[in-house]
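The data block below is input04.cif; it holds mmCIF, C-alpha atoms.
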data_work
#
loop_
_atom_site.label_atom_id
_atom_site.label_comp_id
_atom_site.auth_asym_id
_atom_site.auth_seq_id
_atom_site.Cartn_x
_atom_site.Cartn_y
_atom_site.Cartn_z
CA MET A 1 89.65 93.70 75.44
CA THR A 2 91.31 93.25 78.86
CA PRO A 3 89.04 94.46 81.69
CA LEU A 4 90.36 97.63 83.28
CA GLY A 5 90.67 95.93 86.67
CA ARG A 6 93.07 93.39 85.14
CA ASN A 7 95.08 95.96 83.19
CA ARG A 8 98.41 95.57 84.99
CA ASN A 9 99.94 98.83 83.81
CA TYR A 10 96.93 101.02 84.60
CA THR A 11 96.46 99.33 87.99
CA LEU A 12 100.09 99.90 88.97
CA LEU A 13 99.87 103.56 87.97
CA TRP A 14 96.54 104.04 89.77
CA VAL A 15 97.62 102.38 93.02
CA GLY A 16 100.96 104.16 93.09
CA GLN A 17 99.31 107.54 92.61
CA ALA A 18 96.58 106.76 95.15
CA VAL A 19 99.31 106.26 97.76
CA SER A 20 101.22 109.34 96.56
CA GLU A 21 98.15 111.59 96.73
CA VAL A 22 97.42 110.55 100.31
CA GLY A 23 100.96 111.56 101.22
CA PHE A 24 100.74 114.82 99.30
CA SER A 25 97.50 115.85 101.05
CA THR A 26 99.02 114.85 104.39
CA ALA A 27 101.94 117.20 103.79
CA MET A 28 99.83 120.05 102.41
CA ILE A 29 97.54 120.19 105.45
CA ALA A 30 100.61 120.03 107.72
CA PHE A 31 102.44 122.86 105.91
CA PRO A 32 100.39 125.79 107.31
CA LEU A 33 100.42 124.16 110.76
CA LEU A 34 104.19 123.86 110.58
CA VAL A 35 104.73 127.45 109.46
CA LEU A 36 102.45 128.76 112.20
CA ALA A 37 104.27 126.65 114.80
CA VAL A 38 107.70 127.86 113.63
CA THR A 39 106.94 131.54 112.93
CA GLY A 40 103.51 132.29 114.41
CA SER A 41 102.77 134.24 111.23
CA PRO A 42 99.60 133.51 109.17
CA ALA A 43 101.12 135.57 106.34
CA ALA A 44 104.14 133.25 106.19
CA SER A 45 101.79 130.29 106.14
CA GLY A 46 99.99 131.74 103.14
CA LEU A 47 103.34 132.41 101.46
CA VAL A 48 104.30 128.73 101.54
CA LEU A 49 100.97 127.49 100.18
CA GLY A 50 100.90 130.31 97.62
CA ALA A 51 104.38 129.34 96.43
CA ASP A 52 103.16 125.81 95.66
CA ALA A 53 100.12 127.03 93.70
CA ALA A 54 102.06 129.77 91.88
CA ALA A 55 104.82 127.36 90.87
CA GLN A 56 102.30 124.95 89.37
CA LEU A 57 100.60 127.72 87.39
CA VAL A 58 103.83 129.31 86.14
CA ALA A 59 105.29 125.95 85.11
CA GLY A 60 102.06 124.72 83.50
CA LEU A 61 102.56 125.78 79.87
CA PRO A 62 106.27 124.88 79.54
CA ALA A 63 105.61 121.62 81.42
CA GLY A 64 102.98 120.61 78.86
CA ALA A 65 105.42 121.29 76.02
CA LEU A 66 108.16 119.26 77.75
CA VAL A 67 105.75 116.34 78.23
CA ASP A 68 105.27 116.23 74.45
CA ARG A 69 109.01 116.24 73.71
CA TRP A 70 110.31 113.92 76.50
CA ASP A 71 109.62 110.34 77.55
CA ARG A 72 106.48 110.56 79.71
CA LYS A 73 107.27 107.65 82.01
CA ARG A 74 110.70 109.07 82.70
CA ILE A 75 109.14 112.45 83.54
CA MET A 76 106.84 110.81 86.09
CA LEU A 77 109.70 108.84 87.65
CA TRP A 78 111.87 111.96 87.97
CA CYS A 79 108.98 113.89 89.51
CA GLU A 80 108.38 111.24 92.18
CA ALA A 81 112.11 110.96 92.93
CA THR A 82 112.50 114.75 93.14
CA GLN A 83 109.52 115.15 95.44
CA ALA A 84 110.73 112.36 97.70
CA THR A 85 114.14 114.07 97.94
CA ALA A 86 112.70 117.55 98.57
CA VAL A 87 110.13 116.51 101.18
CA GLY A 88 112.61 114.11 102.77
CA SER A 89 115.10 116.96 103.18
CA LEU A 90 112.43 118.95 105.05
CA ALA A 91 111.60 116.00 107.30
CA LEU A 92 115.31 115.65 108.07
CA ALA A 93 115.65 119.38 108.80
CA LEU A 94 112.68 119.20 111.18
CA TRP A 95 114.18 116.19 112.90
CA PHE A 96 117.32 118.23 113.62
CA ASP A 97 115.26 121.36 114.39
CA SER A 98 116.93 123.37 111.61
CA ALA A 99 114.04 124.02 109.18
CA THR A 100 113.69 127.56 107.81
CA ILE A 101 110.96 129.42 105.90
CA THR A 102 113.27 129.57 102.87
CA HIS A 103 113.61 125.79 102.94
CA MET A 104 109.83 125.34 103.22
CA VAL A 105 109.13 127.70 100.32
CA ALA A 106 111.73 125.89 98.19
CA VAL A 107 110.09 122.52 98.93
CA ALA A 108 106.65 123.95 98.10
CA VAL A 109 107.96 125.29 94.76
CA VAL A 110 109.50 121.91 93.89
CA MET A 111 106.20 120.17 94.68
CA GLY A 112 104.27 122.62 92.49
CA VAL A 113 106.62 122.26 89.52
CA CYS A 114 106.62 118.46 89.80
CA ARG A 115 102.82 118.35 89.79
CA ALA A 116 102.78 120.66 86.75
CA LEU A 117 104.90 118.06 84.94
CA PHE A 118 103.44 114.85 86.36
CA GLU A 119 99.73 115.52 85.81
CA PRO A 120 99.86 116.19 82.03
CA ALA A 121 102.34 113.31 81.63
CA GLU A 122 99.92 110.90 83.33
CA ASP A 123 96.85 112.25 81.50
CA ALA A 124 98.59 112.12 78.12
CA SER A 125 99.68 108.51 78.81
CA LEU A 126 96.17 107.23 79.62
CA PRO A 127 95.06 106.70 75.97
CA ARG A 128 98.14 104.49 75.51
CA LEU A 129 97.42 102.41 78.61
CA VAL A 130 93.70 101.77 78.08
CA THR A 131 91.37 101.39 75.10
CA HIS A 132 89.26 104.27 73.83
CA GLU A 133 86.18 102.54 75.27
CA GLN A 134 87.81 102.36 78.72
CA LEU A 135 89.22 105.89 78.74
CA SER A 136 86.18 107.53 80.37
CA THR A 137 86.25 104.94 83.17
CA ALA A 138 89.98 105.48 83.70
CA VAL A 139 89.50 109.28 83.83
CA SER A 140 86.66 109.00 86.39
CA LEU A 141 88.59 106.50 88.54
CA ASN A 142 91.52 108.92 88.59
CA ALA A 143 89.15 111.66 89.78
CA ALA A 144 87.78 109.38 92.52
CA ARG A 145 91.34 108.52 93.51
CA SER A 146 92.20 112.20 93.90
CA SER A 147 89.10 112.91 96.01
CA VAL A 148 89.68 109.94 98.31
CA GLY A 149 93.37 110.77 98.62
CA GLN A 150 92.60 114.37 99.52
CA MET A 151 90.02 113.42 102.16
CA THR A 152 92.20 110.70 103.68
CA GLY A 153 95.41 112.72 103.63
CA THR A 154 93.73 115.80 105.08
CA ALA A 155 92.35 113.75 107.98
CA LEU A 156 95.69 112.03 108.63
CA GLY A 157 97.82 115.17 108.31
CA GLY A 158 96.57 116.75 111.53
CA VAL A 159 96.92 113.47 113.43
CA PHE A 160 100.48 112.91 112.22
CA PHE A 161 101.46 116.51 112.95
CA ALA A 162 100.24 116.07 116.52
CA ILE A 163 102.60 113.10 116.86
CA GLY A 164 105.57 115.08 115.57
CA ARG A 165 106.26 117.95 113.19
CA ALA A 166 108.39 115.80 110.89
CA VAL A 167 105.97 112.86 110.73
CA PRO A 168 103.60 114.13 107.94
CA PHE A 169 106.57 114.94 105.71
CA LEU A 170 108.22 111.62 106.45
CA VAL A 171 104.98 109.87 105.47
CA ASP A 172 104.85 111.91 102.25
CA THR A 173 108.44 110.92 101.46
CA VAL A 174 107.60 107.23 101.88
CA THR A 175 104.50 107.51 99.67
CA HIS A 176 106.54 109.06 96.84
CA ILE A 177 109.03 106.20 97.11
CA VAL A 178 106.16 103.69 96.91
CA SER A 179 104.77 105.48 93.85
CA PHE A 180 108.21 105.58 92.22
CA THR A 181 108.55 101.82 92.72
CA ALA A 182 105.11 101.11 91.23
CA LEU A 183 105.84 103.40 88.25
CA ALA A 184 109.11 101.61 87.55
CA PHE A 185 107.12 98.47 86.61
CA VAL A 186 104.57 100.29 84.41
CA ARG A 187 105.03 99.74 80.67
CA ILE A 188 103.92 102.76 78.65
CA PRO A 189 104.26 102.54 74.85
CA LYS A 190 106.66 105.26 73.79
CA HIS A 191 105.33 108.12 71.71
CA GLU A 192 107.27 109.37 68.73
CA VAL A 193 108.64 112.88 69.18
CA GLU A 194 110.44 115.17 66.77
CA ARG A 195 113.82 116.11 68.20
CA THR A 196 113.96 119.90 68.04
CA PRO A 197 116.22 122.39 69.87
CA ILE A 198 115.06 123.31 73.36
CA GLY A 199 114.95 126.91 72.17
CA ASN A 200 111.80 126.01 70.23
CA ILE A 201 109.82 125.40 73.42
CA GLY A 202 108.21 128.84 73.22
CA ARG A 203 106.85 128.06 69.77
CA GLU A 204 105.63 124.67 71.01
CA MET A 205 103.78 126.32 73.90
CA ILE A 206 102.08 128.67 71.44
CA GLU A 207 101.11 125.65 69.31
CA GLY A 208 99.39 124.15 72.35
CA LEU A 209 97.47 127.36 73.04
CA ARG A 210 96.56 127.66 69.36
CA TRP A 211 95.31 124.06 69.28
CA VAL A 212 92.99 124.63 72.25
CA TRP A 213 91.66 127.90 70.83
CA SER A 214 91.34 126.88 67.17
CA HIS A 215 89.51 123.59 67.77
CA ARG A 216 85.93 124.63 68.47
CA HIS A 217 84.87 121.66 70.59
CA ILE A 218 88.00 121.78 72.73
CA ARG A 219 87.71 125.55 73.13
CA VAL A 220 84.07 125.35 74.23
CA THR A 221 84.63 122.49 76.69
CA ALA A 222 87.67 124.29 78.10
CA LEU A 223 85.54 127.38 78.74
CA CYS A 224 82.94 125.14 80.44
CA ALA A 225 85.56 123.68 82.79
CA VAL A 226 86.99 127.11 83.59
CA SER A 227 83.54 128.61 84.27
CA LEU A 228 82.47 125.74 86.51
CA ASN A 229 85.64 125.94 88.62
CA PHE A 230 85.52 129.74 88.89
CA PHE A 231 81.90 130.11 89.98
CA PHE A 232 81.82 127.12 92.28
CA ASN A 233 85.01 128.13 94.11
CA ALA A 234 83.65 131.67 94.52
CA PHE A 235 80.38 130.25 95.86
CA TYR A 236 82.25 127.93 98.24
CA ILE A 237 83.93 130.85 100.02
CA VAL A 238 80.65 132.79 100.14
CA VAL A 239 78.84 129.89 101.81
CA ILE A 240 81.61 129.33 104.37
CA VAL A 241 81.45 133.01 105.37
CA LEU A 242 77.64 132.93 105.37
CA ALA A 243 77.59 129.85 107.63
CA GLU A 244 80.00 131.50 110.06
CA SER A 245 77.93 134.68 110.20
CA ARG A 246 74.86 132.62 111.07
CA GLY A 247 76.63 131.00 113.98
CA VAL A 248 76.97 127.54 112.47
CA PRO A 249 79.42 125.61 114.72
CA ALA A 250 82.90 124.95 113.36
CA GLY A 251 82.29 121.19 113.56
CA GLU A 252 79.23 121.46 111.30
CA ILE A 253 81.19 123.62 108.84
CA GLY A 254 83.86 120.90 108.74
CA VAL A 255 81.21 118.26 107.99
CA MET A 256 79.74 120.56 105.33
CA ALA A 257 83.10 120.83 103.58
CA ALA A 258 83.68 117.07 103.87
CA MET A 259 80.31 116.35 102.25
CA LEU A 260 81.53 118.15 99.16
CA GLY A 261 84.24 115.50 98.87
CA VAL A 262 81.78 112.68 99.56
CA GLY A 263 79.51 113.90 96.76
CA GLY A 264 82.51 114.08 94.43
CA VAL A 265 83.63 110.52 95.23
CA LEU A 266 80.13 109.08 94.76
CA GLY A 267 79.73 111.05 91.56
CA ALA A 268 83.07 109.76 90.25
CA LEU A 269 81.98 106.16 90.84
CA VAL A 270 78.85 106.54 88.69
CA ALA A 271 80.44 108.91 86.15
CA PRO A 272 81.49 106.15 83.68
CA ALA A 273 77.92 104.80 83.49
CA LEU A 274 76.39 108.28 83.14
CA HIS A 275 79.03 109.22 80.55
CA ARG A 276 78.04 106.22 78.41
CA ARG A 277 74.30 106.86 78.72
CA LEU A 278 74.14 110.65 78.37
CA ARG A 279 74.95 112.74 75.34
CA PRO A 280 77.96 115.04 75.92
CA HIS A 281 75.69 118.08 75.74
CA VAL A 282 73.42 116.71 78.49
CA SER A 283 76.23 115.61 80.82
CA ILE A 284 77.95 119.03 80.62
CA THR A 285 74.87 121.24 80.86
CA GLY A 286 73.32 119.03 83.55
CA VAL A 287 75.90 119.96 86.17
CA PHE A 288 75.49 123.69 85.50
CA TRP A 289 71.71 123.57 85.86
CA LEU A 290 71.91 121.41 88.99
CA VAL A 291 74.35 123.79 90.68
CA THR A 292 72.30 126.80 89.51
CA LEU A 293 69.11 125.37 91.04
CA LEU A 294 70.70 124.24 94.34
CA THR A 295 72.78 127.37 94.99
CA PRO A 296 69.89 129.70 96.03
CA LEU A 297 68.61 127.06 98.47
CA THR A 298 71.61 127.76 100.73
CA ILE A 299 69.94 131.08 101.62
CA LEU A 300 67.06 129.16 103.22
CA VAL A 301 69.21 126.57 105.04
CA HIS A 302 70.72 127.47 108.42
CA ASN A 303 71.95 124.01 109.41
CA GLY A 304 75.50 122.94 108.53
CA TYR A 305 74.52 119.33 107.91
CA LEU A 306 71.77 120.31 105.48
CA MET A 307 74.19 122.66 103.72
CA GLY A 308 76.55 119.69 103.48
CA ALA A 309 73.81 117.67 101.80
CA LEU A 310 73.35 120.49 99.27
CA PHE A 311 77.12 120.54 98.70
CA ALA A 312 77.12 116.78 98.08
CA GLY A 313 74.30 117.20 95.57
CA MET A 314 76.16 119.97 93.73
CA ALA A 315 79.33 117.89 93.55
CA PHE A 316 77.59 114.71 92.41
CA LEU A 317 77.33 115.48 88.67
CA ALA A 318 80.63 117.40 88.39
CA PRO A 319 82.72 114.21 87.84
CA THR A 320 80.44 113.20 84.96
CA ALA A 321 80.93 116.57 83.26
CA ASN A 322 84.69 116.48 83.90
CA THR A 323 84.89 112.89 82.61
CA THR A 324 83.06 113.87 79.43
CA ILE A 325 85.23 116.96 78.91
CA ASN A 326 88.58 115.27 79.63
CA THR A 327 87.78 112.08 77.69
CA HIS A 328 86.65 113.87 74.55
CA GLN A 329 89.51 116.36 74.70
CA LEU A 330 92.06 113.53 74.91
CA LEU A 331 90.40 111.59 72.08
CA LEU A 332 90.14 114.66 69.86
CA THR A 333 93.79 115.62 70.36
CA PRO A 334 96.68 113.89 68.55
CA ASP A 335 99.16 112.18 70.85
CA GLU A 336 101.94 114.64 70.05
CA LEU A 337 99.80 117.49 71.44
CA ARG A 338 98.22 115.82 74.48
CA GLY A 339 100.82 117.06 76.96
CA ARG A 340 100.33 120.63 75.82
CA LEU A 341 96.55 120.22 75.90
CA MET A 342 96.61 119.10 79.54
CA GLY A 343 99.20 121.76 80.42
CA VAL A 344 96.96 124.50 79.00
CA MET A 345 93.91 123.06 80.76
CA GLY A 346 95.82 122.85 84.03
CA VAL A 347 96.76 126.53 83.83
CA PHE A 348 93.27 127.68 82.84
CA VAL A 349 91.38 125.58 85.38
CA GLY A 350 93.97 126.21 88.11
CA GLY A 351 93.81 129.94 87.48
CA ALA A 352 90.01 129.87 87.69
CA ALA A 353 90.14 127.83 90.91
CA ALA A 354 92.54 130.39 92.41
CA ALA A 355 90.59 133.44 91.20
CA GLY A 356 87.21 132.08 92.35
CA PRO A 357 87.88 132.27 96.12
CA ALA A 358 89.42 135.74 95.74
CA VAL A 359 86.34 137.04 93.90
CA GLY A 360 84.01 135.26 96.35
CA GLY A 361 85.78 136.79 99.33
CA LEU A 362 85.62 140.27 97.77
CA LEU A 363 81.95 139.80 96.88
CA VAL A 364 80.93 138.81 100.39
CA GLU A 365 82.69 141.92 101.74
CA LEU A 366 80.88 144.25 99.35
CA VAL A 367 77.33 142.88 99.65
CA PRO A 368 75.34 140.86 102.24
CA GLY A 369 75.85 137.09 102.24
CA ASP A 370 72.43 136.29 100.77
CA THR A 371 73.00 138.75 97.93
CA ALA A 372 76.44 137.25 97.27
CA VAL A 373 74.86 133.80 96.95
CA LEU A 374 72.35 135.13 94.43
CA CYS A 375 75.17 136.80 92.45
CA CYS A 376 76.95 133.44 92.22
CA ALA A 377 73.70 131.73 91.20
CA ALA A 378 73.12 134.37 88.50
CA GLY A 379 76.62 133.82 87.08
CA MET A 380 76.07 130.06 87.02
CA ALA A 381 72.67 130.52 85.36
CA VAL A 382 74.20 132.61 82.57
CA VAL A 383 76.83 129.93 81.88
CA ALA A 384 74.19 127.17 82.07
CA LEU A 385 72.08 129.01 79.49
CA LEU A 386 75.04 129.59 77.18
CA THR A 387 76.08 125.92 77.34
CA THR A 388 72.50 124.82 76.69
CA LEU A 389 72.24 127.00 73.58
CA SER A 390 75.79 126.33 72.34
CA PRO A 391 75.68 124.88 68.79
CA ALA A 392 79.11 123.31 69.29
CA LEU A 393 77.97 121.33 72.34
CA ARG A 394 74.59 120.40 70.83
CA ARG A 395 76.33 118.86 67.80
CA PHE A 396 79.20 117.38 69.81
CA THR A 397 79.99 113.97 68.24
CA PRO A 398 83.78 113.66 68.63
CA GLU A 399 85.89 111.53 66.35
CA PRO A 400 88.89 109.93 68.11
CA ALA A 401 92.31 111.15 67.03
CA THR A 402 95.12 108.76 66.23
CA VAL A 403 96.82 107.39 69.35
#

This entry written out as structure tokens:
Amino acid sequence: MTPLGRNRNYTLLWVGQAVSEVGFSTAMIAFPLLVLAVTGSPAASGLVLGADAAAQLVAGLPAGALVDRWDRKRIMLWCEATQATAVGSLALALWFDSATITHMVAVAVVMGVCRALFEPAEDASLPRLVTHEQLSTAVSLNAARSSVGQMTGTALGGVFFAIGRAVPFLVDTVTHIVSFTALAFVRIPKHEVERTPIGNIGREMIEGLRWVWSHRHIRVTALCAVSLNFFFNAFYIVVIVLAESRGVPAGEIGVMAAMLGVGGVLGALVAPALHRRLRPHVSITGVFWLVTLLTPLTILVHNGYLMGALFAGMAFLAPTANTTINTHQLLLTPDELRGRLMGVMGVFVGGAAAAGPAVGGLLVELVPGDTAVLCCAAGMAVVALLTTLSPALRRFTPEPATV
């Protein structure tokens, strides 16, 4: 078995995407700054970012079906080339001072659709690039890559925007070109697909939904992932508002948010070892109980740095649970359905991540901040109890599907 660090194909894919994700985060933090600078309208700024998220959600199910019927490497190459072209056109328009809101929204939609296609294509390709024994490590390293890319790109985006409005988008264009070049040298074994008319894509999407719902272990782990993302994102907004109401300085709030990413990166680095040592039931329920126990402590903490430490603790076990869920879902799913599996999961988890902040914001308007925190903790406790008692998770001993 070739060590993962010497797996040429996985390394090329990982490095290329690490560069691409830094560029993407650089552009995404610059987008609202750009819209505000051009229009002065916060609503327009939200429109651009909302267009990106909405496009990814809307395209999620058909994208998963297309990933199962098309060559996955070719999909990833086209996505990188398309994003480089779209973002490059915006950088060029900014250079000539001719960028419009319509152009920005169009670029955001293209980026969302491309991510809806690229992510399930990459995830579905992993079991063909690494061995089953290495899959959990590859999944966790991809999660660490995303966290580091987001933190790095977010920090660089503001700096580059200060240099020039076009600079963050020019950097993003270059990173997509670098990723395209790395992908061109990746060798992914082709998967056999049944050539059916494109008109059958609706039926294929339904097959993906039916697979997720009919397979008990996949259905239960999908609900776990959705619940975790929903409640934690709701809690995140509640804590930010609570910290502001207590007079926590903006700088401390920024550190608090950054510590969430630090905890996620550290957790991703130890996730492969924990995944191998812990039963699936323990690794999934552990994160729910940890978050449930730490959440009420934020009521007692009035210091941003200490809140950041709590955030880091909450985020630490999440990569282990996600690694366990994603690894077992990929191994339980036949190759011809893996694109649809990841497309469905992307829509469900993305929808929960979008709904969480909206519910958290509404909650903190209806009740005092401390009560809102306790409501979030109560919701997490209910899910933690259900996962602990779940017969499907307690007897979870997955058998790998055929690659």

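Here CA of Leu362 in chain A and CA of Gly46 in chain A stand 17.6 Å from one another.
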
- Message: Counting all atoms listed in the file, which residues have an atom no more than 10 Å from (92.4, 97.6, 86.8) in the file's coordinates? Please list them as a count of residues only.
- Response: 17

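Shortest separation to Lys190 in chain A among A:Arg74, A:Arg394, A:His328, A:Arg340 occurs at residue A:Arg74, atoms counted being all atoms listed in the file.
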
Give me the result of the PyMOL selection byres ((chain A and resi 165) around 9) on this file, residue by residue, as a tab-separated table (two decimals) with C-alpha atoms, in the coordinates of the input.
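For reference, expr12.tsv as written:
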chain	number	residue	atom	x	y	z
A	30	ALA	CA	100.61	120.03	107.72
A	33	LEU	CA	100.42	124.16	110.76
A	34	LEU	CA	104.19	123.86	110.58
A	91	ALA	CA	111.60	116.00	107.30
A	94	LEU	CA	112.68	119.20	111.18
A	95	TRP	CA	114.18	116.19	112.90
A	160	PHE	CA	100.48	112.91	112.22
A	161	PHE	CA	101.46	116.51	112.95
A	162	ALA	CA	100.24	116.07	116.52
A	163	ILE	CA	102.60	113.10	116.86
A	164	GLY	CA	105.57	115.08	115.57
A	166	ALA	CA	108.39	115.80	110.89
A	167	VAL	CA	105.97	112.86	110.73
A	168	PRO	CA	103.60	114.13	107.94
A	169	PHE	CA	106.57	114.94	105.71

- Could you list the residues chosen by the PyMOL selection byres ((chain A and resi 369) around 8) in this structure as number ranges by chain? A: 238-239, 241-242, 364, 367-368, 370-373

- Message: Taking 2 positions as the minimum chain separation for residues in the same chain, which residues sit within 7 Å of range 291-297 of chain A when counting all atoms listed in the file? Answer as a list in words.
- Response: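 The filter keeps Val287, Phe288, Trp289, Ile299, Leu300, Val301, Leu310, Met314, Val373, Leu374, Ala377, Met380 and Ala381 of chain A.
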
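Here CA of Ala312 in chain A and CA of Pro120 in chain A stand 27.8 Å from one another.
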
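Minimum atom-to-atom distances from A:Ser136, A:Gly157, A:Trp211, A:Pro280 to Thr333 in chain A were compared using only C-alpha atoms, and the lowest value belongs to A:Trp211.
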
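CA of Ala143 in chain A is found 22.5 Å from CA of Phe185 in chain A.
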
- Any chance you could work out the residue set of the PyMOL selection byres ((chain A and resi 76-82) around 12) here, as number ranges by chain? A: 13, 16-17, 19-21, 23-24, 63, 66-67, 70-75, 83-89, 107-125, 172-186, 188

- Message: I'd like the neighbourhood of Val38 in chain A as a PyMOL selection string, where a residue qualifies if any of its atoms comes within 9 Å (using only C-alpha atoms), though same-chain residues fewer than 5 positions away should be ignored.
- Response: chain A and resi 33+99-101

- Please provide as a PyMOL selection string all residues within 9 Å of Gly202 in chain A, with the sequence filter that same-chain residues fewer than 4 positions apart are discarded (counting all atoms listed in the file). chain A and resi 62+65+198+206-207

What are the centre and the three edge lengths of an axis-aligned box that wraps all atoms of range 243-255 of chain A in the file, given that 8 Å is added to every side, written as lines of an AutoDock Vina configuration file and rounded to one decimal in Å?
center_x = 79.4
center_y = 126.5
center_z = 111.2
size_x = 25.0
size_y = 32.4
size_z = 23.1

- Task: Determine, counting all atoms listed in the file, which protein, DNA and RNA residues have an atom within 10 Å of an atom of Gly254 in chain A; residues of the same chain fewer than 5 positions away are not included. Present the result as a list in words.
- Result: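 What passes the distance filter is Ile240, Pro249, Met259, Gly304, Tyr305 and Gly308 of chain A.
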
- Item | Selection: 9 Å around Thr152 in chain A, all atoms listed in the file, excl. self and same-chain fewer than 6 positions, as a list in words |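 Answer for this query is Val22, Ser25 and Thr26 of chain A.
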
- Looking at all atoms listed in the file, which of A:Met205, A:Leu366, A:Ile253, A:Ala318 is the one that sits closest to Leu266 in chain A?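 Closest to Leu266 in chain A of all the choices is A:Ala318.
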
Keeping N, CA and C atoms (and nothing else), can you write range 100-112 of chain A of this structure as a PDB file, in the first residue's frame?
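Once everything was written out, this is result_1.pdb:
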ATOM      1  N   THR A 100     -20.420  45.948 -12.983  1.00  0.00           N
ATOM      2  CA  THR A 100     -21.805  46.240 -12.600  1.00  0.00           C
ATOM      3  C   THR A 100     -22.296  45.177 -11.615  1.00  0.00           C
ATOM      4  N   ILE A 101     -23.394  45.484 -10.920  1.00  0.00           N
ATOM      5  CA  ILE A 101     -23.985  44.523  -9.991  1.00  0.00           C
ATOM      6  C   ILE A 101     -24.427  43.264 -10.740  1.00  0.00           C
ATOM      7  N   THR A 102     -24.981  43.446 -11.936  1.00  0.00           N
ATOM      8  CA  THR A 102     -25.417  42.289 -12.730  1.00  0.00           C
ATOM      9  C   THR A 102     -24.251  41.362 -13.017  1.00  0.00           C
ATOM     10  N   HIS A 103     -23.116  41.946 -13.370  1.00  0.00           N
ATOM     11  CA  HIS A 103     -21.907  41.159 -13.640  1.00  0.00           C
ATOM     12  C   HIS A 103     -21.470  40.408 -12.378  1.00  0.00           C
ATOM     13  N   MET A 104     -21.495  41.088 -11.245  1.00  0.00           N
ATOM     14  CA  MET A 104     -21.071  40.455  -9.982  1.00  0.00           C
ATOM     15  C   MET A 104     -21.988  39.301  -9.605  1.00  0.00           C
ATOM     16  N   VAL A 105     -23.298  39.505  -9.753  1.00  0.00           N
ATOM     17  CA  VAL A 105     -24.249  38.436  -9.435  1.00  0.00           C
ATOM     18  C   VAL A 105     -24.027  37.236 -10.363  1.00  0.00           C
ATOM     19  N   ALA A 106     -23.788  37.508 -11.645  1.00  0.00           N
ATOM     20  CA  ALA A 106     -23.552  36.428 -12.606  1.00  0.00           C
ATOM     21  C   ALA A 106     -22.310  35.623 -12.226  1.00  0.00           C
ATOM     22  N   VAL A 107     -21.246  36.316 -11.825  1.00  0.00           N
ATOM     23  CA  VAL A 107     -20.024  35.624 -11.407  1.00  0.00           C
ATOM     24  C   VAL A 107     -20.279  34.785 -10.162  1.00  0.00           C
ATOM     25  N   ALA A 108     -21.039  35.339  -9.208  1.00  0.00           N
ATOM     26  CA  ALA A 108     -21.354  34.603  -7.984  1.00  0.00           C
ATOM     27  C   ALA A 108     -22.160  33.342  -8.295  1.00  0.00           C
ATOM     28  N   VAL A 109     -23.119  33.437  -9.237  1.00  0.00           N
ATOM     29  CA  VAL A 109     -23.920  32.274  -9.622  1.00  0.00           C
ATOM     30  C   VAL A 109     -23.041  31.207 -10.266  1.00  0.00           C
ATOM     31  N   VAL A 110     -22.142  31.616 -11.147  1.00  0.00           N
ATOM     32  CA  VAL A 110     -21.219  30.674 -11.796  1.00  0.00           C
ATOM     33  C   VAL A 110     -20.369  29.954 -10.749  1.00  0.00           C
ATOM     34  N   MET A 111     -19.871  30.697  -9.766  1.00  0.00           N
ATOM     35  CA  MET A 111     -19.047  30.099  -8.718  1.00  0.00           C
ATOM     36  C   MET A 111     -19.854  29.082  -7.903  1.00  0.00           C
ATOM     37  N   GLY A 112     -21.113  29.417  -7.597  1.00  0.00           N
ATOM     38  CA  GLY A 112     -21.946  28.497  -6.837  1.00  0.00           C
ATOM     39  C   GLY A 112     -22.240  27.216  -7.592  1.00  0.00           C
TER      40      GLY A 112
END
